[in-house]
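K.L.:
Just dropping this structure here.
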Amino acid sequence: MELLYASCVGLLVACGVFLILRSRTFPVVLGLTMLSYAVNLFLFSSGRLSLNQAAVLGYSTDYADPLPQALVLTAIVIGFAMTAFVVILAIRGRADLGNDHVNGQVPDKDKKGKA
Amino acid sequence: MTLLWIPLLSLFGSIISSLTGKLTRNQSTGLTLLMPVIALAMTVNLAPAVFAGEVIRYSAEWVPLLGLNLSFRLDGLALLFVFMILGIGILVIFYTRYYLSSKDSMPKLFAYLMLFMTAMLGIVMSNNVLQLWLFWELTSISSFLLISYWWHKSEARKGARMALTITGGGGLALLAGLLLLGDIVGSYDLDTILASREIIQAHALYEITLILVLLGAFTKSAQFPFHFWLPHAMAAPTPVSAYLHSATMVKAGIFLLARFYPALAGTELWFILVGLTGLATLLFAAYVALFKHDLKGLLAYSTISHLGLITLLFGLDTELATVAAIFHIINHATFKASLFMATGIIDHETGTRDMRKLNGMWRFMPYTATLAMVAAAAMAGVPLLNGFLSKEMFFAETLHQQLLGSMSWLVPVLATVAAAFSVAYSARFIHDVFFNGEPVGLPKEPSEPPRYMRIPIEVLVALCLVVGMFPHFVVDGILQAASTAVLGGYVPEFKIAIWHGFNLPLLMSAIAVCGGLLIYTQRKYLFQFQASLPPLNAKKAFDGSVYVMIKWCQRKISAIENGSLQRYLMLMLVVVLISAGWPLFEMSQLVGGKQPTPVDIHNGIGAALLMIGAIGTVIWHRSRMVSLLMISVVGLMVSVAFTRFSAPDLALTQLTVEVVTIILLMLALFFLPQRSPKESSSIRVLRDLGIASAIGVVVGSICYALITRPLESISDFFLANAKTGGGGTNVVNVILVDFRGFDTLGEICVLGIAALGIYKLLVNLPLFMPGSDSEGRPWAKERYPLLLASISQSLLPLALLVSFYIFLRGHNLPGGGFIAGLVTAIAFILQYIAHGSNWIAERLTINYRKIIASGIAIALFTGVGSWAFGRPFMTTWFEYFDIPLIGEIELASALVFDLGVYITVVGATLMILASLGKLTASAHKDEVKV
């Protein structure tokens with residue numbers, strides 16, 4: 001199972017990285033969202049994987065590590081705030097600049113290969 | 001305690017004087033003078049103890065583990081400087097009152113002067129070398145402000161910039177030197193460093209340390225070849241020059257030499273570096289000073305030359321030379337400050353400082369002329385004045401040194417030559433200005449200045465005379481105390497007297513005076529010779545090199561920073577790849593020793609769905625709606641994963657956040673194009689895929705390596721204390737609101753700040769949106785479906801009830817402020833979607849900014865509240881109560897904190913979505929109008 005979990009994290013990172021390297025804002029936002037999923041899963045797994053051991057006292061004999069959970073919980077909420085900020089920035093950027101290219105301007109045709 | 005008050009009072013003085021803008025000039029001056037006068041009284045009070053050989057210390061711990069303490073120390077040397085800084089500072093402030101015209105802002109200059117005074121006091125009294133350096137930099141900054149006080153003049157701005165560049169650069173060298181020194185000794189404590197002479201001088205890094213520290217000292221005290229900033233700093237108002245270039249700024253460099261004398265001096269390298277630099281500066285500047293037509297220019301070079309003299313004295317290998325150096329510090333401060341002030345008066349009354357125009361001033365201002373002539377005579381070293389005494393000591397010491405080996409006889413000869421030039425430029429100051437015919441084309445009719453403007457000069461000139469005639473009574477005590485501090489205990493017998501009999505130093509003095517007068521009378525030939533030399537313009541060279549450097553940096557920056565986000569990200573990712581991937585190759589084994597868990601069918605299906613979602617997002621990323629749907633699958637599967645792996649709180653949070661995120665992104669799609677054009681070339685795509693997979697492999701491997709290793713967690717503490725200490729059984733929530741409550745407070749602040757930032761970004765947004773979708777179809781007319789409207793309305797109370805339940809049970813079961821806040825927010829967002837923001841606005845007027853603020857305030861005050869009970873910040877209080885009909889109930893202060901979290905989350909989430917949603921409503925309105 002550990003191998004499967006790690007593969008999922010790796011795949012999410014790879015997809016996220018590929019998306020943030022795109023040239024338009026929306027895929028970059030999606031990439032950031034994807035990366036934050038991956039990071040949250042990664043941090044969460046630092047408490048190791050455990051089944052049926054929720055850290056609620058009195059419901060099981062052994063408990064999952066609650067500390068990474070607490071850290072990841074706030075990370076999820078802040079991740080949302082960050083995504084929201086980037087999205088609004090993208091909207092503002094498009095409104096002010098007239099395009100949604102991450103560099104702020106659509107490259108000329110002849111430069112396309114290099115940009 | 002008193003020691004701390006001396007710099008502190010001066011700092012208060014800076015603040016007070018900056019607030020006196022509305023008062024009259026006299027009131028402003030009086031209030032400004034108050035603090036340094038009190039500080040001076042305190043110092044006088046402390047002086048007897050220091051004279052008796054005591055070193056007074058004050059220390060307060062700040063970061064003791066790093067050796068950072070706030071500590072002050074007052075020994076003889078520091079006392080001498082404190083006296084000069086405060087005493088001359090008071091006189092300068094008093095003088096400024098009459099110098100500044102009504103157009104200039106007096107409080108501003110006073111505030112800068114007092115800030116500078118604070119910095120200087122800090123330097124001389126610091127007992128920690130890092131603290132010393134901090135104040136050292138503060139003098140650079142405050143002198144920058146002082147020199148550029150007349151900021152509308154280009155020369156003032158340039159002069160200030162040059163001074164800051166040179167002294168700031170020296171400051172960096174000094175920092176490096178002090179860090180090395182601290183490293184060698186193992187302490188940044190000045191007491192310890194001064195006592196570790198043997199360790200320092202035996203260390204392999206001694207040479208480089210010494211050079212770095214000396215660089216700091218030489219740049220500050222304008223030693224050759226760093227002298228050129230000082231003449232340009234003359235663009236400052238004259239009181240500032242009087243302060244900076246007599247007793248303080250430039251003397252800070254000299255102070256540094258004296259301060260570290262016990263630790264660094266005594267080696268061959270010290271004598272060569274310090275002695276030769278001093279000698280070169282002394283000679284060069286004395287020669288140049290003669291040719292300056294500007295009075296302040298002459299004084300500037302004379303200052304450099306005298307600083308060179310003091311430096312040379314520190315570089316002579318005798319104890320008496322050090323005593324002479326300290327003596328000359330005092331004397332130079334008194335006569336140079338009074339000369340600058342006299343120059344200020346002349347400038348003030350005639351409108352010029354050009355010696356070719358100023359002639360025959362004796363007739364117009366005989367009183368000021370007398371004062372200036374006495375001071376200038378002291379500068380020239382005329383008997384019965386203080387300058388004579390220290391110069392005599394200097395001559396005597398030049399005869400007892402071996403600085404240049406067998407060529408050491410050159411030193412006294414060169415010293416005499418420099419002294420002759422010093423007499424010559426002093427003579428020029430006196431004769432050219434006050435006699436020598438009639439003034440030429442003065443802008444103003446000269447007269448005596450206001451009576452009180454002369455008082456500071458009178459005080460200083462009186463000091464020159466008293467020291468010059470009765471040295472034994474006036475300066476013996478302070479000289480003894482300061483020399484003890486510099487020489488580290490042993491002070492040779494010295495006797496300062498006017499008459500030592502006929503000896504070699506007296507002969508040298510006589511030669512210097514006669515030679516100087518001869519040079520002055522024959523100056524015509526010298527001026528012709530000087531004019532025939534190619535002009536050497538240090539300013540042009542400096543400006544040129546700065547320009548070249550800036551151009552070079554600009555080229556480099558534009559090469560690296562071309563404005564392409566994709567390129568920055570690519571470079572960063574490659575760096576990440578290398579730095580994170582490299583250690584993996586050095587690891588012998590990836591898999592750890594933990595027993596692996598078997599894969600079951602549920603996990604397999606979940607993982608497969610997640611992978612399909614992620615890959616689907618990438619494949620269809622140009623069709624934005626589809627990729628959005630795909631990524632929502634990933635989010636859902638992440639939340640399922642949290643459920644599966646024993647994290648119900650996380651699952652709930654992820655689920656609710658997922659809903660909010662997807663709504664947000666759909667809203668955003670309204671304002672953004674529906675599709676991404678195909679832009680990247682195939683090679684580009686291949687390259688990005690390569691980088692992405694490599695990073696994915698690295699992160700996945702690290703993750704695998706991590707989770708297959710056994711866990712040693714600090715969480716046992718939280719599990720053991722959650723119930724007893726925090727009063728809750730849901731450990732995750734107890735950590736959030738109690739153990740790590742401070743973190744949570746910071747996190748909701750971040751949330752609030754992000755929401756405010758978004759609010760700000762959306763203000764005055766020029767709308768850019770299509771009237772139809774990407775296929776060209778107009779938006780549906782029926783915007784608020786009846787079915788959704790009715791159902792959502794009836795769902796609202798239910799949803800609020802659920803969120804209230806989740807909130808309440810959060811301390812003991814999965815739930816809490818974050819999750820409840822998100823549920824509430826979603827319930828409201830549903831109303832926005834179903835009815836539109838206008839419908840909501842008619843029924844509910846909410847200022848989300850105030851909600852966020854009140855949420856953070858509640859959380860903060862719950863934390864602060866524990867102080868009222870004498871407990872540390874954010875200590876949870878809880879108690880169980882038995883309420884009839886309901887039964888036993890637990891009340892905890894953590895619940896109030898969680899309420900703050902809840903309110904902030906609701907406010908921030910709604911603010912983000914509602915302000916964006918509102919824009920779509922206005923867009924539709926525009927469309928209807930059109």
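In the structure tokens, each chain is lettered A, B, ... as it comes, each chain's residues begin at 1, and ligands are numbered from 1 in order of appearance.
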Neighbours of Phe818 in chain B within 7 Å (only C-alpha atoms; same-chain residues fewer than 4 positions away dropped), as a list of chain:residue names?
P.N.:
B:Leu822, B:Val901, B:Tyr902, B:Val905
K.L.:
How about saving the chosen residues, N, CA and C atoms kept, as a compact mmCIF listing (two decimals), in the first residue's frame?
P.N.:
# COMPACT_ATOMS: atom_id res chain seq x y z
N LEU B 822 -16.61 26.40 7.07
CA LEU B 822 -16.72 26.11 5.63
C LEU B 822 -18.13 25.66 5.28
N VAL B 901 -12.09 31.33 15.06
CA VAL B 901 -11.67 30.65 13.83
C VAL B 901 -12.86 30.52 12.89
N TYR B 902 -13.98 30.06 13.44
CA TYR B 902 -15.21 29.85 12.66
C TYR B 902 -15.61 31.14 11.94
N VAL B 905 -13.23 32.11 9.15
CA VAL B 905 -13.35 31.27 7.96
C VAL B 905 -14.60 31.64 7.17
K.L.:
Compute the set of chain A residues within 6 Å of chain B, using only C-alpha atoms, and express it as a VMD selection string.
P.N.:
chain A and resid 1 6 to 7 9 to 11 13 to 14 17 to 18 21 48 to 57 66 70 73 81 85 95 103
